[in-house]
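Dumped work-v1.json below, it's JSON, C-alpha atoms:
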[["chain", "number", "residue", "atom", "x", "y", "z"],
["L", 1, "VAL", "CA", 16.42, 88.01, -28.38],
["L", 2, "HIS", "CA", 15.23, 87.56, -31.97],
["L", 3, "GLY", "CA", 11.77, 86.56, -30.77],
["L", 4, "LYS", "CA", 12.98, 83.78, -28.50],
["L", 5, "PHE", "CA", 12.69, 83.60, -24.74],
["L", 6, "LYS", "CA", 12.70, 81.00, -22.02],
["L", 7, "PHE", "CA", 11.09, 80.67, -18.61],
["L", 8, "SER", "CA", 12.16, 78.06, -16.13],
["L", 9, "GLY", "CA", 11.54, 77.24, -12.52],
["L", 10, "SER", "CA", 9.39, 75.08, -10.33],
["L", 11, "LEU", "CA", 5.60, 75.20, -10.21],
["L", 12, "ASP", "CA", 3.47, 74.58, -7.16],
["L", 13, "SER", "CA", 0.25, 74.64, -9.22],
["L", 14, "THR", "CA", -0.97, 75.03, -12.77],
["L", 15, "ARG", "CA", -1.91, 78.62, -13.62],
["L", 16, "ILE", "CA", -3.00, 80.72, -16.56],
["L", 17, "VAL", "CA", -0.92, 83.83, -17.12],
["L", 18, "THR", "CA", -0.93, 86.51, -19.76],
["L", 19, "LEU", "CA", 2.20, 87.01, -21.79],
["L", 20, "CYS", "CA", 2.75, 90.75, -22.28],
["L", 21, "MET", "CA", 5.17, 92.85, -24.25],
["L", 22, "ASP", "CA", 5.60, 96.50, -23.27],
["L", 23, "ASN", "CA", 2.52, 96.28, -21.01],
["L", 24, "LEU", "CA", 0.44, 95.05, -23.96],
["L", 25, "PRO", "CA", -1.32, 91.72, -23.26],
["L", 26, "LEU", "CA", -0.61, 89.30, -26.10],
["L", 27, "ILE", "CA", -1.70, 85.78, -25.26],
["L", 28, "ALA", "CA", -2.87, 83.57, -22.42],
["L", 29, "VAL", "CA", -0.44, 80.78, -21.56],
["L", 30, "VAL", "CA", -0.95, 77.89, -19.16],
["L", 31, "LEU", "CA", 2.03, 77.41, -16.91],
["L", 32, "GLU", "CA", 2.22, 73.66, -16.45],
["L", 33, "GLU", "CA", 4.82, 70.94, -16.52],
["L", 34, "GLY", "CA", 6.35, 70.57, -19.97],
["L", 35, "GLU", "CA", 7.67, 72.66, -22.81],
["L", 36, "VAL", "CA", 5.28, 75.34, -24.07],
["L", 37, "ARG", "CA", 5.79, 76.77, -27.54],
["L", 38, "VAL", "CA", 4.32, 80.24, -28.09],
["L", 39, "LEU", "CA", 3.74, 81.52, -31.62],
["L", 40, "ILE", "CA", 2.81, 85.14, -32.20],
["L", 41, "ASN", "CA", 2.75, 86.54, -35.71],
["L", 42, "GLY", "CA", 0.47, 88.55, -37.97],
["L", 43, "GLN", "CA", -1.78, 85.59, -38.72],
["L", 44, "LYS", "CA", -2.19, 83.84, -35.39],
["L", 45, "GLN", "CA", -1.31, 83.54, -31.75],
["L", 46, "GLU", "CA", -1.08, 80.18, -30.06],
["L", 47, "SER", "CA", 0.50, 78.41, -27.14],
["L", 48, "LYS", "CA", 1.03, 74.70, -27.59],
["L", 49, "GLY", "CA", 3.10, 71.82, -26.37],
["L", 50, "THR", "CA", 1.29, 70.81, -23.18],
["L", 51, "PRO", "CA", -2.19, 69.32, -22.78],
["L", 52, "LEU", "CA", -3.89, 72.42, -21.34],
["L", 53, "ASN", "CA", -2.17, 74.81, -23.74],
["L", 54, "ASP", "CA", -3.16, 72.62, -26.68],
["L", 55, "SER", "CA", -6.76, 72.57, -25.43],
["L", 56, "LEU", "CA", -6.90, 76.34, -24.85],
["L", 57, "SER", "CA", -5.34, 77.01, -28.24],
["L", 58, "ALA", "CA", -7.85, 74.77, -30.03],
["L", 59, "PHE", "CA", -10.73, 76.45, -28.20],
["L", 60, "SER", "CA", -9.39, 79.91, -29.04],
["L", 61, "MET", "CA", -9.12, 79.04, -32.72],
["L", 62, "ARG", "CA", -12.72, 77.75, -32.82],
["L", 63, "TYR", "CA", -13.96, 80.80, -30.93],
["L", 64, "GLU", "CA", -12.07, 83.18, -33.21],
["L", 65, "THR", "CA", -13.67, 81.47, -36.23],
["L", 66, "LEU", "CA", -17.10, 82.19, -34.76],
["L", 67, "ILE", "CA", -16.21, 85.82, -34.08],
["L", 68, "ASN", "CA", -15.08, 86.19, -37.70],
["L", 69, "GLN", "CA", -18.38, 84.72, -38.88],
["L", 70, "PHE", "CA", -20.26, 87.28, -36.75],
["L", 71, "GLU", "CA", -18.19, 90.06, -38.32],
["L", 72, "ASP", "CA", -18.94, 88.69, -41.81],
["L", 73, "LEU", "CA", -22.67, 89.25, -41.18],
["L", 74, "GLU", "CA", -22.17, 93.02, -41.14],
["L", 75, "HIS", "CA", -20.13, 92.80, -44.34],
["L", 76, "ILE", "CA", -22.91, 90.79, -46.03],
["L", 77, "GLN", "CA", -25.48, 93.35, -44.90],
["L", 78, "ASN", "CA", -23.41, 96.26, -46.22],
["L", 79, "GLN", "CA", -22.82, 94.43, -49.49],
["L", 80, "GLY", "CA", -26.57, 93.83, -49.92],
["L", 81, "TYR", "CA", -27.27, 97.49, -49.25],
["L", 82, "MET", "CA", -24.65, 98.61, -51.77],
["L", 83, "ASN", "CA", -26.03, 96.18, -54.38],
["L", 84, "GLY", "CA", -29.56, 97.52, -53.91],
["L", 85, "GLU", "CA", -30.96, 94.21, -52.69],
["L", 86, "ASN", "CA", -34.17, 93.87, -50.68],
["L", 87, "MET", "CA", -32.94, 94.67, -47.16],
["L", 88, "ASP", "CA", -35.92, 93.02, -45.45],
["L", 89, "SER", "CA", -35.02, 89.65, -46.95],
["L", 90, "ILE", "CA", -31.28, 90.19, -46.37],
["L", 91, "ASN", "CA", -31.92, 91.11, -42.71],
["L", 92, "ALA", "CA", -34.20, 88.09, -42.20],
["L", 93, "ILE", "CA", -31.45, 85.80, -43.52],
["L", 94, "LEU", "CA", -28.83, 87.53, -41.38],
["L", 95, "GLN", "CA", -30.98, 87.30, -38.23],
["L", 96, "THR", "CA", -31.37, 83.56, -38.78],
["L", 97, "ARG", "CA", -27.62, 83.19, -39.31],
["L", 98, "GLN", "CA", -26.91, 85.29, -36.22],
["L", 99, "ARG", "CA", -29.17, 83.06, -34.09],
["L", 100, "GLU", "CA", -27.38, 79.98, -35.44],
["L", 101, "LEU", "CA", -23.99, 81.50, -34.58],
["L", 102, "LEU", "CA", -25.17, 82.46, -31.08],
["L", 103, "ILE", "CA", -26.27, 78.87, -30.49],
["L", 104, "LYS", "CA", -22.88, 77.60, -31.72],
["L", 105, "GLU", "CA", -21.08, 80.10, -29.48],
["L", 106, "ASP", "CA", -23.15, 79.04, -26.47],
["L", 107, "GLU", "CA", -22.48, 75.36, -27.15],
["L", 108, "LEU", "CA", -18.76, 75.93, -27.67],
["L", 109, "VAL", "CA", -18.29, 77.99, -24.51],
["L", 110, "THR", "CA", -20.46, 75.90, -22.20],
["L", 111, "SER", "CA", -19.10, 72.56, -23.42],
["L", 112, "PHE", "CA", -15.51, 73.81, -23.05],
["L", 113, "ILE", "CA", -16.13, 75.11, -19.54],
["L", 114, "SER", "CA", -17.93, 71.88, -18.59],
["L", 115, "ALA", "CA", -15.08, 69.74, -19.93],
["L", 116, "ASN", "CA", -12.64, 71.82, -17.87],
["L", 117, "PHE", "CA", -14.53, 72.27, -14.60],
["L", 118, "ASP", "CA", -11.68, 70.78, -12.57],
["L", 119, "ASN", "CA", -8.69, 72.57, -14.08],
["L", 120, "CYS", "CA", -7.77, 76.21, -14.58],
["L", 121, "LEU", "CA", -9.30, 76.47, -18.07],
["L", 122, "GLY", "CA", -12.94, 76.27, -16.97],
["L", 123, "PRO", "CA", -12.84, 79.23, -14.56],
["L", 124, "TYR", "CA", -10.65, 81.19, -17.02],
["L", 125, "VAL", "CA", -13.10, 80.86, -19.92],
["L", 126, "PHE", "CA", -16.02, 81.51, -17.54],
["L", 127, "GLN", "CA", -14.32, 84.78, -16.60],
["L", 128, "LEU", "CA", -13.81, 85.67, -20.26],
["L", 129, "ALA", "CA", -17.43, 84.84, -21.09],
["L", 130, "THR", "CA", -18.86, 86.91, -18.23],
["L", 131, "SER", "CA", -16.52, 89.88, -18.55],
["L", 132, "ASN", "CA", -18.74, 91.49, -21.20],
["L", 133, "TYR", "CA", -21.63, 91.95, -18.77],
["L", 134, "LYS", "CA", -21.91, 95.39, -17.13],
["L", 135, "TYR", "CA", -22.42, 93.67, -13.78],
["L", 136, "PRO", "CA", -22.73, 90.04, -12.63],
["L", 137, "VAL", "CA", -26.05, 88.56, -13.75],
["L", 138, "LEU", "CA", -27.62, 85.12, -13.74],
["L", 139, "VAL", "CA", -28.50, 84.39, -17.36],
["L", 140, "PRO", "CA", -29.87, 81.03, -18.53],
["L", 141, "TRP", "CA", -26.57, 79.63, -19.79],
["L", 142, "ILE", "CA", -24.87, 80.37, -16.46],
["L", 143, "GLU", "CA", -27.71, 78.86, -14.44],
["L", 144, "ALA", "CA", -27.65, 75.72, -16.62],
["L", 145, "LEU", "CA", -23.87, 75.48, -16.33],
["L", 146, "MET", "CA", -23.97, 75.79, -12.55],
["L", 147, "THR", "CA", -26.51, 72.95, -12.21],
["L", 148, "LYS", "CA", -23.86, 70.53, -13.45],
["L", 149, "ALA", "CA", -20.73, 72.30, -12.15],
["L", 150, "THR", "CA", -18.35, 70.53, -9.79],
["L", 151, "GLU", "CA", -17.60, 71.90, -6.34],
["L", 152, "LYS", "CA", -14.05, 72.70, -7.45],
["L", 153, "PHE", "CA", -15.39, 74.92, -10.23],
["L", 154, "LYS", "CA", -18.00, 76.56, -7.99],
["L", 155, "ASN", "CA", -15.29, 77.34, -5.43],
["L", 156, "ALA", "CA", -12.80, 78.83, -7.91],
["L", 157, "PRO", "CA", -12.23, 82.39, -6.63],
["L", 158, "TYR", "CA", -13.66, 84.29, -9.62],
["L", 159, "VAL", "CA", -16.61, 81.92, -10.11],
["L", 160, "LYS", "CA", -17.52, 82.03, -6.42],
["L", 161, "GLU", "CA", -17.33, 85.83, -6.28],
["L", 162, "TYR", "CA", -19.25, 86.26, -9.54],
["L", 163, "MET", "CA", -22.04, 83.92, -8.48],
["L", 164, "GLY", "CA", -22.37, 85.57, -5.06],
["L", 165, "VAL", "CA", -22.70, 89.06, -6.53],
["L", 166, "ALA", "CA", -24.97, 87.82, -9.35],
["L", 167, "GLN", "CA", -27.28, 86.20, -6.79],
["L", 168, "GLN", "CA", -27.40, 89.43, -4.78],
["L", 169, "ASN", "CA", -28.14, 91.42, -7.95],
["L", 170, "GLN", "CA", -30.96, 89.04, -8.88],
["L", 171, "GLU", "CA", -32.50, 89.36, -5.42],
["L", 172, "ILE", "CA", -32.39, 93.15, -5.74],
["L", 173, "MET", "CA", -33.92, 93.11, -9.24],
["L", 174, "THR", "CA", -36.73, 90.74, -8.22],
["L", 175, "GLY", "CA", -37.53, 92.66, -5.07],
["L", 176, "VAL", "CA", -36.47, 89.93, -2.65],
["L", 177, "LYS", "CA", -33.91, 92.34, -1.15]]
Just give me the structure as structure tokens.
Amino acid sequence: VHGKFKFSGSLDSTRIVTLCMDNLPLIAVVLEEGEVRVLINGQKQESKGTPLNDSLSAFSMRYETLINQFEDLEHIQNQGYMNGENMDSINAILQTRQRELLIKEDELVTSFISANFDNCLGPYVFQLATSNYKYPVLVPWIEALMTKATEKFKNAPYVKEYMGVAQQNQEIMTGVK
């Protein structure tokens, strides 16, 4: 009522859930011991109040900033075109900026997953990061991540399934299978 709600009950484990309204997913929330405050408005969405929710919210804000910077690149390109600027030089600058942003994105995602190997956040962000692939693949950032991953992370259901299928796909693509 009036934008306020309350969940209560006992937890047997910490989980990430998606808060939905009318079957529309709104925000990921970590169900853990403590009081979680969820804010959803036109400017931002965040869940805070517990350690894992605070961590996920901070990560999401940093990631969203990077996504906005990626989107700004297209705006800068269009602006250069409309102003009659030399598009070769504009595109060279934008390609450099895009590479820099990709490196920042890779560092942000892999460092967050690594810092959260042994809780629900690591596998959750791994799932988000790999969901854009058409099929499970072993790309360099995943291979590097898995060399330092803990057994708990490697055995998380989604991670384990993804890695198994990705390994099979790689064997098919390289002719081993």
- Query: Between L:Leu73, L:Thr18, L:Glu46, L:Ser13, which is the closest to Thr96 in chain L once you count all atoms listed in the file?
  - Reply: L:Leu73
Box centre and edge lengths (Å, one decimal), axis-aligned, range 131-134 of chain L plus 8 Å each side, as AutoDock Vina command-line options:
--center_x -19.2 --center_y 92.6 --center_z -19.2 --size_x 21.4 --size_y 21.5 --size_z 20.1
- Nearest to Asn53 in chain L: which of L:Asn68, L:Met87, L:Asn119, L:Lys134 is it, counting only C-alpha atoms? L:Asn119
- Query: Suppose you want the space between CA of Tyr124 in chain L and CA of Phe5 in chain L; what is it in Å?
  - Reply: 24.7 Å
- Message: One decimal, in Å: what's the spacing between CA of Phe153 in chain L and CA of Phe117 in chain L?
- Response: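 For CA of Phe153 in chain L relative to CA of Phe117 in chain L, the distance reads 5.2 Å.
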- Message: For a quick check of understanding, using all atoms listed in the file, which of L:Gly122, L:Gln168, L:Pro51, L:Leu19 has the smallest distance to Thr110 in chain L?
- Response: L:Gly122
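Near Ile76 in chain L, within 10 Å and counting all atoms listed in the file, sit Met82, Ile90, Asn91 and Leu94 of chain L, not including residues fewer than 6 positions from it in the same chain.
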- Find the residues near Val159 in chain L: any atom within 10 Å, counting all atoms listed in the file, skip ones fewer than 5 places away on the same chain, and give them as a ChimeraX atom specification. /L:122-124,126-127,130,146,152-154,164
Keeping C-alpha atoms for every residue in the selection just given, could you write it to a file as a PDB file, in the coordinates of the input?
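After the write, part38.pdb holds the following:
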ATOM      1  CA  GLY L 122     -12.940  76.270 -16.970  1.00  0.00           C
ATOM      2  CA  PRO L 123     -12.840  79.230 -14.560  1.00  0.00           C
ATOM      3  CA  TYR L 124     -10.650  81.190 -17.020  1.00  0.00           C
ATOM      4  CA  PHE L 126     -16.020  81.510 -17.540  1.00  0.00           C
ATOM      5  CA  GLN L 127     -14.320  84.780 -16.600  1.00  0.00           C
ATOM      6  CA  THR L 130     -18.860  86.910 -18.230  1.00  0.00           C
ATOM      7  CA  MET L 146     -23.970  75.790 -12.550  1.00  0.00           C
ATOM      8  CA  LYS L 152     -14.050  72.700  -7.450  1.00  0.00           C
ATOM      9  CA  PHE L 153     -15.390  74.920 -10.230  1.00  0.00           C
ATOM     10  CA  LYS L 154     -18.000  76.560  -7.990  1.00  0.00           C
ATOM     11  CA  GLY L 164     -22.370  85.570  -5.060  1.00  0.00           C
TER      12      GLY L 164
END
Take range 18-44 of chain L, bring it up to N, CA and C atoms, and give me the output as a PDB file, keeping the file's coordinate frame.
ATOM      1  N   THR L  18      -0.878  85.784 -18.507  1.00  0.00           N
ATOM      2  CA  THR L  18      -0.930  86.510 -19.760  1.00  0.00           C
ATOM      3  C   THR L  18       0.469  86.964 -20.112  1.00  0.00           C
ATOM      4  N   LEU L  19       0.910  86.584 -21.293  1.00  0.00           N
ATOM      5  CA  LEU L  19       2.200  87.010 -21.790  1.00  0.00           C
ATOM      6  C   LEU L  19       2.039  88.411 -22.351  1.00  0.00           C
ATOM      7  N   CYS L  20       2.845  89.346 -21.863  1.00  0.00           N
ATOM      8  CA  CYS L  20       2.750  90.750 -22.280  1.00  0.00           C
ATOM      9  C   CYS L  20       4.080  91.204 -22.871  1.00  0.00           C
ATOM     10  N   MET L  21       3.979  92.192 -23.742  1.00  0.00           N
ATOM     11  CA  MET L  21       5.170  92.850 -24.250  1.00  0.00           C
ATOM     12  C   MET L  21       4.912  94.349 -24.172  1.00  0.00           C
ATOM     13  N   ASP L  22       5.778  95.063 -23.475  1.00  0.00           N
ATOM     14  CA  ASP L  22       5.600  96.500 -23.270  1.00  0.00           C
ATOM     15  C   ASP L  22       4.225  96.826 -22.701  1.00  0.00           C
ATOM     16  N   ASN L  23       3.811  96.107 -21.691  1.00  0.00           N
ATOM     17  CA  ASN L  23       2.520  96.280 -21.010  1.00  0.00           C
ATOM     18  C   ASN L  23       1.318  96.021 -21.908  1.00  0.00           C
ATOM     19  N   LEU L  24       1.516  95.404 -23.055  1.00  0.00           N
ATOM     20  CA  LEU L  24       0.440  95.050 -23.960  1.00  0.00           C
ATOM     21  C   LEU L  24       0.173  93.549 -23.842  1.00  0.00           C
ATOM     22  N   PRO L  25      -1.034  93.154 -23.375  1.00  0.00           N
ATOM     23  CA  PRO L  25      -1.320  91.720 -23.260  1.00  0.00           C
ATOM     24  C   PRO L  25      -1.377  91.079 -24.654  1.00  0.00           C
ATOM     25  N   LEU L  26      -0.672  89.961 -24.808  1.00  0.00           N
ATOM     26  CA  LEU L  26      -0.610  89.300 -26.100  1.00  0.00           C
ATOM     27  C   LEU L  26      -1.377  87.992 -26.159  1.00  0.00           C
ATOM     28  N   ILE L  27      -1.120  87.119 -25.181  1.00  0.00           N
ATOM     29  CA  ILE L  27      -1.700  85.780 -25.260  1.00  0.00           C
ATOM     30  C   ILE L  27      -1.741  85.142 -23.884  1.00  0.00           C
ATOM     31  N   ALA L  28      -2.778  84.354 -23.655  1.00  0.00           N
ATOM     32  CA  ALA L  28      -2.870  83.570 -22.420  1.00  0.00           C
ATOM     33  C   ALA L  28      -2.028  82.310 -22.593  1.00  0.00           C
ATOM     34  N   VAL L  29      -1.299  81.968 -21.550  1.00  0.00           N
ATOM     35  CA  VAL L  29      -0.440  80.780 -21.560  1.00  0.00           C
ATOM     36  C   VAL L  29      -0.681  80.026 -20.257  1.00  0.00           C
ATOM     37  N   VAL L  30      -0.809  78.719 -20.362  1.00  0.00           N
ATOM     38  CA  VAL L  30      -0.950  77.890 -19.160  1.00  0.00           C
ATOM     39  C   VAL L  30       0.444  77.489 -18.713  1.00  0.00           C
ATOM     40  N   LEU L  31       0.770  77.853 -17.490  1.00  0.00           N
ATOM     41  CA  LEU L  31       2.030  77.410 -16.910  1.00  0.00           C
ATOM     42  C   LEU L  31       1.787  76.041 -16.292  1.00  0.00           C
ATOM     43  N   GLU L  32       2.342  75.039 -16.937  1.00  0.00           N
ATOM     44  CA  GLU L  32       2.220  73.660 -16.450  1.00  0.00           C
ATOM     45  C   GLU L  32       3.494  72.921 -16.830  1.00  0.00           C
ATOM     46  N   GLU L  33       3.638  71.758 -16.264  1.00  0.00           N
ATOM     47  CA  GLU L  33       4.820  70.940 -16.520  1.00  0.00           C
ATOM     48  C   GLU L  33       4.934  70.651 -18.015  1.00  0.00           C
ATOM     49  N   GLY L  34       6.122  70.868 -18.565  1.00  0.00           N
ATOM     50  CA  GLY L  34       6.350  70.570 -19.970  1.00  0.00           C
ATOM     51  C   GLY L  34       6.915  71.775 -20.705  1.00  0.00           C
ATOM     52  N   GLU L  35       7.120  71.594 -21.982  1.00  0.00           N
ATOM     53  CA  GLU L  35       7.670  72.660 -22.810  1.00  0.00           C
ATOM     54  C   GLU L  35       6.544  73.311 -23.615  1.00  0.00           C
ATOM     55  N   VAL L  36       6.327  74.586 -23.386  1.00  0.00           N
ATOM     56  CA  VAL L  36       5.280  75.340 -24.070  1.00  0.00           C
ATOM     57  C   VAL L  36       5.926  76.123 -25.208  1.00  0.00           C
ATOM     58  N   ARG L  37       5.329  76.007 -26.383  1.00  0.00           N
ATOM     59  CA  ARG L  37       5.790  76.770 -27.540  1.00  0.00           C
ATOM     60  C   ARG L  37       4.751  77.868 -27.822  1.00  0.00           C
ATOM     61  N   VAL L  38       5.202  79.105 -27.843  1.00  0.00           N
ATOM     62  CA  VAL L  38       4.320  80.240 -28.090  1.00  0.00           C
ATOM     63  C   VAL L  38       4.638  80.782 -29.476  1.00  0.00           C
ATOM     64  N   LEU L  39       3.597  80.953 -30.282  1.00  0.00           N
ATOM     65  CA  LEU L  39       3.740  81.520 -31.620  1.00  0.00           C
ATOM     66  C   LEU L  39       2.890  82.771 -31.691  1.00  0.00           C
ATOM     67  N   ILE L  40       3.521  83.883 -32.024  1.00  0.00           N
ATOM     68  CA  ILE L  40       2.810  85.140 -32.200  1.00  0.00           C
ATOM     69  C   ILE L  40       3.312  85.754 -33.499  1.00  0.00           C
ATOM     70  N   ASN L  41       2.396  85.862 -34.460  1.00  0.00           N
ATOM     71  CA  ASN L  41       2.750  86.540 -35.710  1.00  0.00           C
ATOM     72  C   ASN L  41       1.512  87.254 -36.237  1.00  0.00           C
ATOM     73  N   GLY L  42       1.579  87.788 -37.420  1.00  0.00           N
ATOM     74  CA  GLY L  42       0.470  88.550 -37.970  1.00  0.00           C
ATOM     75  C   GLY L  42      -0.776  87.734 -38.233  1.00  0.00           C
ATOM     76  N   GLN L  43      -0.638  86.427 -38.401  1.00  0.00           N
ATOM     77  CA  GLN L  43      -1.780  85.590 -38.720  1.00  0.00           C
ATOM     78  C   GLN L  43      -2.416  84.917 -37.504  1.00  0.00           C
ATOM     79  N   LYS L  44      -1.612  84.542 -36.528  1.00  0.00           N
ATOM     80  CA  LYS L  44      -2.190  83.840 -35.390  1.00  0.00           C
ATOM     81  C   LYS L  44      -1.332  83.960 -34.144  1.00  0.00           C
TER      82      LYS L  44
END
